[in-house]
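The data block below is model.txt; it holds compact mmCIF, C-alpha atoms and all ligand atoms.
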# COMPACT_ATOMS: atom_id res chain seq x y z
CA MET A 1 0.00 0.00 0.00
CA THR A 2 2.73 2.45 1.12
CA LYS A 3 4.78 1.42 -1.90
CA GLY A 4 1.81 2.14 -4.19
CA VAL A 5 1.40 5.62 -2.71
CA ASN A 6 5.12 6.32 -3.14
CA ILE A 7 5.06 5.28 -6.78
CA CYS A 8 1.99 7.45 -7.29
CA ASN A 9 3.64 10.48 -5.64
CA ARG A 10 6.79 9.94 -7.66
CA PHE A 11 4.67 9.85 -10.83
CA LEU A 12 2.89 13.07 -9.86
CA ASP A 13 6.29 14.71 -9.22
CA LEU A 14 7.34 13.79 -12.73
CA VAL A 15 4.17 14.98 -14.49
CA PRO A 16 5.21 18.67 -14.73
CA ILE A 17 8.57 17.62 -16.18
CA TYR A 18 6.94 15.40 -18.81
CA VAL A 19 4.38 18.06 -19.68
CA GLU A 20 7.10 20.68 -20.00
CA ARG A 21 9.17 18.41 -22.29
CA TRP A 22 6.12 17.60 -24.34
CA PHE A 23 5.41 21.28 -24.95
CA TRP A 24 9.08 21.86 -25.73
CA LEU A 25 8.91 19.07 -28.33
CA LEU A 26 5.81 20.62 -29.80
CA SER A 27 7.41 24.01 -30.08
CA ILE A 28 10.54 22.72 -31.85
CA SER A 29 8.49 20.57 -34.22
CA GLY A 30 7.08 23.83 -35.67
CA ASP A 31 4.50 22.97 -38.31
CA SER A 32 4.22 19.30 -37.37
CA ILE A 33 0.92 17.53 -36.80
CA PHE A 34 1.47 17.90 -33.02
CA ALA A 35 1.81 21.64 -33.26
CA ARG A 36 -1.38 21.70 -35.31
CA MET A 37 -3.17 19.57 -32.71
CA ILE A 38 -2.44 22.32 -30.22
CA GLN A 39 -3.69 24.92 -32.70
CA ASP A 40 -7.04 23.09 -32.77
CA GLY A 41 -8.01 24.11 -29.26
CA PHE A 42 -11.33 24.04 -27.40
CA ARG A 43 -12.24 27.43 -28.85
CA GLN A 44 -11.98 26.23 -32.46
CA GLN A 45 -13.77 22.98 -31.62
CA GLY A 46 -16.59 24.96 -30.03
CA LEU A 47 -16.89 27.28 -33.02
CA ARG A 48 -16.93 24.22 -35.28
CA ALA A 49 -19.75 22.65 -33.25
CA ARG A 50 -21.71 25.90 -33.67
CA LEU A 51 -21.11 25.86 -37.42
CA VAL A 52 -22.34 22.26 -37.60
CA GLN A 53 -25.50 23.31 -35.72
CA GLU A 54 -25.99 26.06 -38.28
CA LEU A 55 -25.65 23.51 -41.12
CA ARG A 56 -28.24 21.30 -39.39
CA ARG A 57 -30.65 24.25 -39.16
CA LYS A 58 -30.08 24.98 -42.86
CA GLU A 59 -30.54 21.26 -43.63
CA ALA A 60 -27.29 21.39 -45.58
CA GLY A 61 -25.83 17.87 -45.56
CA ASN A 62 -26.68 14.85 -43.43
CA GLU A 63 -25.61 13.31 -40.13
CA ARG A 64 -22.55 11.49 -41.52
CA VAL A 65 -21.32 14.61 -43.30
CA TRP A 66 -21.78 16.80 -40.21
CA GLU A 67 -19.85 14.32 -38.07
CA ALA A 68 -17.03 14.37 -40.62
CA MET A 69 -17.04 18.19 -40.72
CA GLN A 70 -16.91 18.32 -36.92
CA ARG A 71 -13.60 16.44 -37.14
CA VAL A 72 -11.90 18.66 -39.75
CA PRO A 73 -10.17 21.84 -38.41
CA ARG A 74 -11.25 24.22 -41.20
CA HIS A 75 -9.25 27.12 -39.70
CA LEU A 76 -6.02 25.28 -40.59
CA PHE A 77 -6.98 25.25 -44.29
CA LEU A 78 -7.19 29.05 -44.44
CA ASP A 79 -4.57 31.74 -44.33
CA THR A 80 -4.06 32.62 -40.64
CA SER A 81 -5.38 36.15 -41.28
CA PHE A 82 -8.82 34.61 -42.00
CA GLY A 83 -8.60 32.13 -39.11
CA GLN A 84 -11.13 33.99 -36.96
CA PHE A 85 -13.75 33.72 -39.72
CA ALA A 86 -13.11 30.04 -40.47
CA TYR A 87 -16.30 28.86 -38.79
CA ARG A 88 -18.65 31.23 -40.54
CA ASP A 89 -20.65 29.82 -43.41
CA VAL A 90 -18.72 31.73 -46.09
CA ALA A 91 -16.16 31.07 -48.83
CA PHE A 92 -12.61 32.57 -48.57
CA PRO A 93 -9.67 33.21 -50.87
CA ILE A 94 -6.95 30.54 -50.70
CA GLY A 95 -4.43 32.04 -53.15
CA ALA A 96 -3.91 31.65 -56.91
CA GLY A 97 -7.27 33.44 -57.37
CA GLN A 98 -9.16 30.45 -55.93
CA THR A 99 -11.47 29.92 -52.96
CA ILE A 100 -12.26 27.41 -50.24
CA SER A 101 -15.95 26.61 -50.68
CA GLN A 102 -18.61 27.72 -48.20
CA PRO A 103 -19.17 25.01 -45.53
CA SER A 104 -22.86 24.61 -46.47
CA THR A 105 -21.81 24.03 -50.09
CA VAL A 106 -19.26 21.42 -49.00
CA ALA A 107 -21.92 19.74 -46.86
CA ARG A 108 -24.53 19.72 -49.66
CA GLN A 109 -22.16 18.45 -52.35
CA THR A 110 -20.77 15.75 -50.07
CA ALA A 111 -24.26 14.58 -49.12
CA LEU A 112 -25.34 14.51 -52.80
CA LEU A 113 -22.36 12.29 -53.59
CA GLY A 114 -23.47 9.87 -50.84
CA ALA A 115 -20.06 8.20 -50.72
CA GLU A 116 -19.70 5.03 -48.63
CA PRO A 117 -16.53 3.92 -46.79
CA GLY A 118 -14.08 2.14 -49.07
CA GLN A 119 -15.48 3.60 -52.30
CA ARG A 120 -13.08 5.03 -54.86
CA ILE A 121 -13.84 8.73 -55.21
CA LEU A 122 -12.30 11.36 -57.49
CA GLU A 123 -12.41 15.02 -56.47
CA VAL A 124 -11.70 17.60 -59.18
CA GLY A 125 -10.30 20.84 -57.69
CA THR A 126 -8.25 20.01 -54.58
CA GLY A 127 -7.86 23.73 -53.73
CA SER A 128 -7.22 24.12 -50.00
CA GLY A 129 -7.73 20.40 -49.34
CA TYR A 130 -10.69 21.00 -46.99
CA GLN A 131 -13.27 19.14 -49.07
CA ALA A 132 -10.74 16.34 -49.56
CA ALA A 133 -10.27 16.05 -45.79
CA VAL A 134 -14.04 15.87 -45.26
CA LEU A 135 -14.29 13.06 -47.85
CA ALA A 136 -11.35 11.26 -46.24
CA GLU A 137 -13.13 11.44 -42.88
CA LEU A 138 -16.00 9.51 -44.53
CA GLY A 139 -13.57 6.64 -45.08
CA VAL A 140 -13.41 6.76 -48.89
CA GLU A 141 -10.35 6.01 -51.01
CA LEU A 142 -9.81 9.52 -52.30
CA TYR A 143 -8.08 10.72 -55.46
CA SER A 144 -7.95 14.49 -55.90
CA ILE A 145 -6.68 16.52 -58.83
CA GLU A 146 -5.68 20.21 -58.97
CA ARG A 147 -4.50 22.28 -61.98
CA GLN A 148 -2.69 25.05 -60.03
CA SER A 149 0.78 23.79 -59.12
CA ALA A 150 1.19 26.33 -56.27
CA LEU A 151 -1.98 25.08 -54.58
CA TYR A 152 -1.15 21.45 -55.33
CA SER A 153 2.23 21.78 -53.54
CA SER A 154 1.08 23.74 -50.50
CA THR A 155 -2.01 21.56 -49.99
CA ARG A 156 -0.02 18.35 -50.33
CA GLY A 157 2.24 19.54 -47.48
CA LEU A 158 -0.70 20.58 -45.31
CA LEU A 159 -2.66 17.33 -45.77
CA GLN A 160 0.43 15.35 -44.82
CA GLN A 161 0.99 17.43 -41.70
CA LEU A 162 -2.63 16.92 -40.70
CA GLY A 163 -2.37 13.15 -41.06
CA TYR A 164 -4.28 12.75 -44.34
CA GLN A 165 -1.45 10.88 -46.08
CA GLY A 166 -3.98 8.42 -47.54
CA ILE A 167 -5.37 11.03 -49.97
CA LYS A 168 -3.78 10.60 -53.40
CA LEU A 169 -3.10 14.02 -54.90
CA PHE A 170 -2.39 14.75 -58.56
CA LEU A 171 -1.33 17.85 -60.45
CA GLY A 172 -3.32 17.77 -63.68
CA ASP A 173 -6.28 18.90 -65.73
CA GLY A 174 -9.46 17.62 -64.16
CA TYR A 175 -11.20 17.64 -67.57
CA GLU A 176 -9.04 14.61 -68.35
CA GLY A 177 -9.69 12.94 -64.99
CA LEU A 178 -7.38 10.11 -63.98
CA PRO A 179 -7.79 7.39 -66.65
CA ARG A 180 -5.16 5.15 -65.03
CA GLU A 181 -7.05 5.13 -61.72
CA ALA A 182 -10.57 4.89 -63.19
CA PRO A 183 -13.29 3.76 -62.85
CA PHE A 184 -14.60 5.63 -59.81
CA ASP A 185 -17.67 5.02 -57.67
CA GLY A 186 -18.14 8.77 -57.42
CA ILE A 187 -16.76 12.00 -58.85
CA LEU A 188 -17.09 15.35 -57.09
CA VAL A 189 -16.27 18.45 -59.13
CA THR A 190 -15.64 21.57 -57.01
CA ALA A 191 -15.32 24.08 -59.87
CA GLY A 192 -18.05 25.26 -62.25
CA ALA A 193 -17.99 23.37 -65.57
CA ALA A 194 -19.48 25.21 -68.56
CA VAL A 195 -20.27 21.87 -70.22
CA LEU A 196 -20.41 18.31 -68.91
CA PRO A 197 -16.85 16.92 -68.83
CA GLN A 198 -17.29 13.89 -71.12
CA GLU A 199 -14.04 12.20 -70.10
CA LEU A 200 -15.17 12.23 -66.46
CA LEU A 201 -18.45 10.53 -67.43
CA ARG A 202 -16.42 7.75 -69.05
CA GLN A 203 -14.45 7.29 -65.80
CA LEU A 204 -17.60 6.75 -63.73
CA LYS A 205 -18.61 3.17 -62.82
CA VAL A 206 -22.05 1.98 -63.86
CA GLY A 207 -24.21 2.88 -60.84
CA GLY A 208 -21.79 5.67 -59.88
CA LEU A 209 -22.64 9.32 -59.21
CA MET A 210 -21.00 12.53 -60.37
CA VAL A 211 -21.81 15.83 -58.64
CA VAL A 212 -20.88 18.91 -60.66
CA PRO A 213 -21.78 22.62 -60.71
CA LEU A 214 -22.84 22.97 -64.34
CA GLY A 215 -23.51 25.93 -66.64
CA ALA A 216 -21.76 28.72 -68.54
CA LYS A 217 -23.49 31.81 -67.11
CA VAL A 218 -25.75 30.42 -64.41
CA GLN A 219 -24.45 27.33 -62.63
CA THR A 220 -26.78 24.61 -61.39
CA MET A 221 -25.75 21.89 -58.92
CA THR A 222 -26.16 18.77 -61.01
CA ARG A 223 -25.98 15.06 -60.18
CA ILE A 224 -25.42 12.49 -62.90
CA ARG A 225 -26.01 8.78 -62.32
CA ARG A 226 -24.50 6.30 -64.75
CA LEU A 227 -27.27 3.78 -65.44
CA SER A 228 -25.45 1.65 -68.01
CA GLU A 229 -22.54 1.87 -70.43
CA ASN A 230 -24.39 4.50 -72.51
CA ASP A 231 -27.23 5.77 -70.30
CA PHE A 232 -27.02 8.59 -67.77
CA GLU A 233 -29.69 10.20 -65.60
CA GLN A 234 -29.46 13.87 -64.61
CA GLU A 235 -30.96 15.64 -61.56
CA THR A 236 -30.60 19.29 -60.54
CA PHE A 237 -30.45 20.86 -57.07
CA GLY A 238 -30.65 24.62 -57.53
CA GLU A 239 -28.31 27.43 -58.51
CA CYS A 240 -24.78 27.75 -57.18
CA ALA A 241 -21.65 29.86 -57.76
CA PHE A 242 -18.20 28.31 -58.12
CA VAL A 243 -14.92 29.50 -59.62
CA PRO A 244 -14.73 28.24 -63.21
CA MET A 245 -13.36 24.83 -64.16
CA LEU A 246 -10.56 25.69 -66.58
CA GLY A 247 -8.46 23.49 -68.83
CA GLY A 248 -4.70 22.90 -68.65
CA ILE A 249 -2.16 23.06 -65.85
CA VAL A 250 -0.84 26.31 -64.35
CA ARG A 251 2.82 25.93 -63.44
CA ARG A 252 4.43 28.49 -61.15
N1 LIG B 301 -12.36 21.63 -53.03
C1 LIG B 301 -11.71 22.88 -52.79
C2 LIG B 301 -11.50 23.18 -51.34
O1 LIG B 301 -12.00 22.44 -50.47
O2 LIG B 301 -10.81 24.15 -51.03
C3 LIG B 301 -12.45 23.98 -53.50
C4 LIG B 301 -11.55 24.72 -54.37
S1 LIG B 301 -12.09 25.93 -55.47
C5 LIG B 301 -13.76 26.23 -55.24
C6 LIG B 301 -11.99 25.08 -57.04
C7 LIG B 301 -10.64 24.51 -57.39
O3 LIG B 301 -10.75 23.86 -58.66
C8 LIG B 301 -9.54 25.55 -57.55
O4 LIG B 301 -8.47 25.21 -56.72
C9 LIG B 301 -9.15 25.46 -59.02
O5 LIG B 301 -7.79 25.72 -59.27
C10 LIG B 301 -9.54 24.03 -59.33
N2 LIG B 301 -9.76 23.75 -60.76
C11 LIG B 301 -10.40 24.49 -61.69
N3 LIG B 301 -10.39 23.88 -62.90
C12 LIG B 301 -9.72 22.70 -62.70
C13 LIG B 301 -9.36 21.63 -63.55
N4 LIG B 301 -9.66 21.61 -64.86
N5 LIG B 301 -8.67 20.61 -63.02
C14 LIG B 301 -8.33 20.59 -61.71
N6 LIG B 301 -8.64 21.57 -60.85
C15 LIG B 301 -9.33 22.62 -61.34

Could you show the structure in this file as structure tokens?
Amino acid sequence: MTKGVNICNRFLDLVPIYVERWFWLLSISGDSIFARMIQDGFRQQGLRARLVQELRRKEAGNERVWEAMQRVPRHLFLDTSFGQFAYRDVAFPIGAGQTISQPSTVARQTALLGAEPGQRILEVGTGSGYQAAVLAELGVELYSIERQSALYSSTRGLLQQLGYQGIKLFLGDGYEGLPREAPFDGILVTAGAAVLPQELLRQLKVGGLMVVPLGAKVQTMTRIRRLSENDFEQETFGECAFVPMLGGIVRR
């Protein structure tokens, strides 16, 4: 009994030393995943919970999507100067003239895709990596393609630091998709396509879904289901506004 108490006291004596070393390790590891864990404090988690409540009220998304969004620290996908606004339901600039989509848009698109764990999903328009992280939290095998090399590089680093090493990122033109990785159970396009990207339709499995903002002047959230080799069914879900889906790769 006495021995037990002594061991316990000794352990308590050591706690401050361990804690201090732990924080020291965090500080020297700079941008590491541990440092980022600290940056996702109770305040950010609380703001995120409030945002998820807002999405529930707006009926944007579904339970699985909201749970996934509760786990993704959106403030770490934005420039630090926008950090305080990260949990408002608005889009923000992410560099290279692009934006991180509004949370309600992310929630709606993700719910429309209805991806199940283990499915092979292609995202077109990696951007900040936020949508990719939400999809990864749903347990899908995610492929994501971005045409802006500056965004591709910075987002690849960030996703690794945050522990999303499983996401397969590609620098390329999303109009061409990823023929070597196809077919996909689902394709999520996060830029506005003036016309339906035919190559992406070819890379969709029979029974698969593609969600894409579609239209030259006015964009409409559109979902395509591949019914057979040659038959597709199209549904629409209201107007939306995305940056345009453009062809080619932009190298720095
Ligand atoms: N999913 C992103 C996120 O969570 O931040 C949204 C990014 S933004 C709304 C759309 C992205 O699509 C931009 O990063 C843009 O560079 C990219 N994009 C536009 N056309 C593309 C194309 N043909 N192939 C790949 N990416 C494209």

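The residue set within 6 Å of segment 161-172 of chain A, counting all atoms listed in the file and dropping same-chain residues fewer than 2 places from it, reads Ser32, Ile33, Leu142, Tyr143, Ser144, Ile145, Glu146, Arg147, Leu158, Leu159 and Ile249 of chain A.
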
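You will find atom CA of Ala49 of chain A at 25.1 Å from atom CA of Leu188 of chain A.
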
Contact residues around segment 175-184 of chain A with only C-alpha atoms at 7 Å, ignoring same-chain residues under 5 positions, as a count of residues only: 10

Segment 62-72 of chain A surroundings by all atoms listed in the file, 8 Å radius, close-in-sequence under 5 positions cut, as a PyMOL selection string: chain A and resi 45+48-49+52+55-56+107+110-111+130+133-135+137-138

Closest of A:Asp185, A:Asp40, A:Asp173, A:Glu233 to ligand LIG 301 (chain B) - atom-to-atom distances counting all atoms listed in the file: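 That would be A:Asp173, the residue with the smallest distance to ligand LIG 301 (chain B).
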
Atom CA of Gly192 of chain A to atom CA of Leu51 of chain A, straight-line distance in Å: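 Atom-to-atom, atom CA of Leu51 of chain A to atom CA of Gly192 of chain A, that is 25.0 Å.
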
Selected residue, from A:Leu112, A:Ala136, A:Ala191, A:Leu214, that lies nearest to ligand LIG 301 (chain B) when counting only C-alpha atoms and all ligand atoms: A:Ala191

Selection: 10 Å around Val211 of chain A, only C-alpha atoms, excl. self and same-chain fewer than 3 positions, as a PyMOL selection string: chain A and resi 109-114+123+186-190+214+221-225+234-236

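Contact shell of Gln119 of chain A at 7 Å (only C-alpha atoms; same-chain neighbours under 2 positions omitted): Ala115, Glu116, Pro117, Ile121, Val140, Glu141 and Asp185 of chain A.
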
Quick one: write out the picked residues with C-alpha atoms as an mmCIF file, in the frame of the given file?
data_model
loop_
_atom_site.group_PDB
_atom_site.id
_atom_site.type_symbol
_atom_site.label_atom_id
_atom_site.label_comp_id
_atom_site.auth_asym_id
_atom_site.auth_seq_id
_atom_site.Cartn_x
_atom_site.Cartn_y
_atom_site.Cartn_z
ATOM 1 C CA ALA A 115 -20.060 8.200 -50.720
ATOM 2 C CA GLU A 116 -19.700 5.030 -48.630
ATOM 3 C CA PRO A 117 -16.530 3.920 -46.790
ATOM 4 C CA ILE A 121 -13.840 8.730 -55.210
ATOM 5 C CA VAL A 140 -13.410 6.760 -48.890
ATOM 6 C CA GLU A 141 -10.350 6.010 -51.010
ATOM 7 C CA ASP A 185 -17.670 5.020 -57.670
#

A:Leu78, A:Ala86, A:Leu246, A:Leu196 ranked by distance to Val212 of chain A, top pick (using all atoms listed in the file): A:Leu196

Atom CA of Asp79 of chain A to atom CA of Met245 of chain A, straight-line distance in Å: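 Answer for the atom CA of Met245 of chain A to atom CA of Asp79 of chain A separation: 22.8 Å.
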
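Considering all atoms listed in the file, the residue among A:Gln84, A:Gln219, A:Ser154, A:Thr105 positioned nearest to Arg43 of chain A is A:Gln84.
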
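Considering all atoms listed in the file, the residue among A:Gly83, A:Gly207, A:Gly215, A:Gly95 positioned nearest to ligand LIG 301 (chain B) is A:Gly95.
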
Around all of ligand LIG 301 (chain B)'s listed atoms, make the axis-aligned box with 5 Å on each side and tell me centre and edge lengths in Å to one decimal, as JSON.
{"center_x": -10.8, "center_y": 23.4, "center_z": -57.7, "size_x": 16.0, "size_y": 15.6, "size_z": 24.4}

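For the residues A:Thr220, A:Ser149, A:Gln53, A:Gln198, ranking by smallest atom-to-atom distance to ligand LIG 301 (chain B) using all atoms listed in the file places A:Ser149 first.
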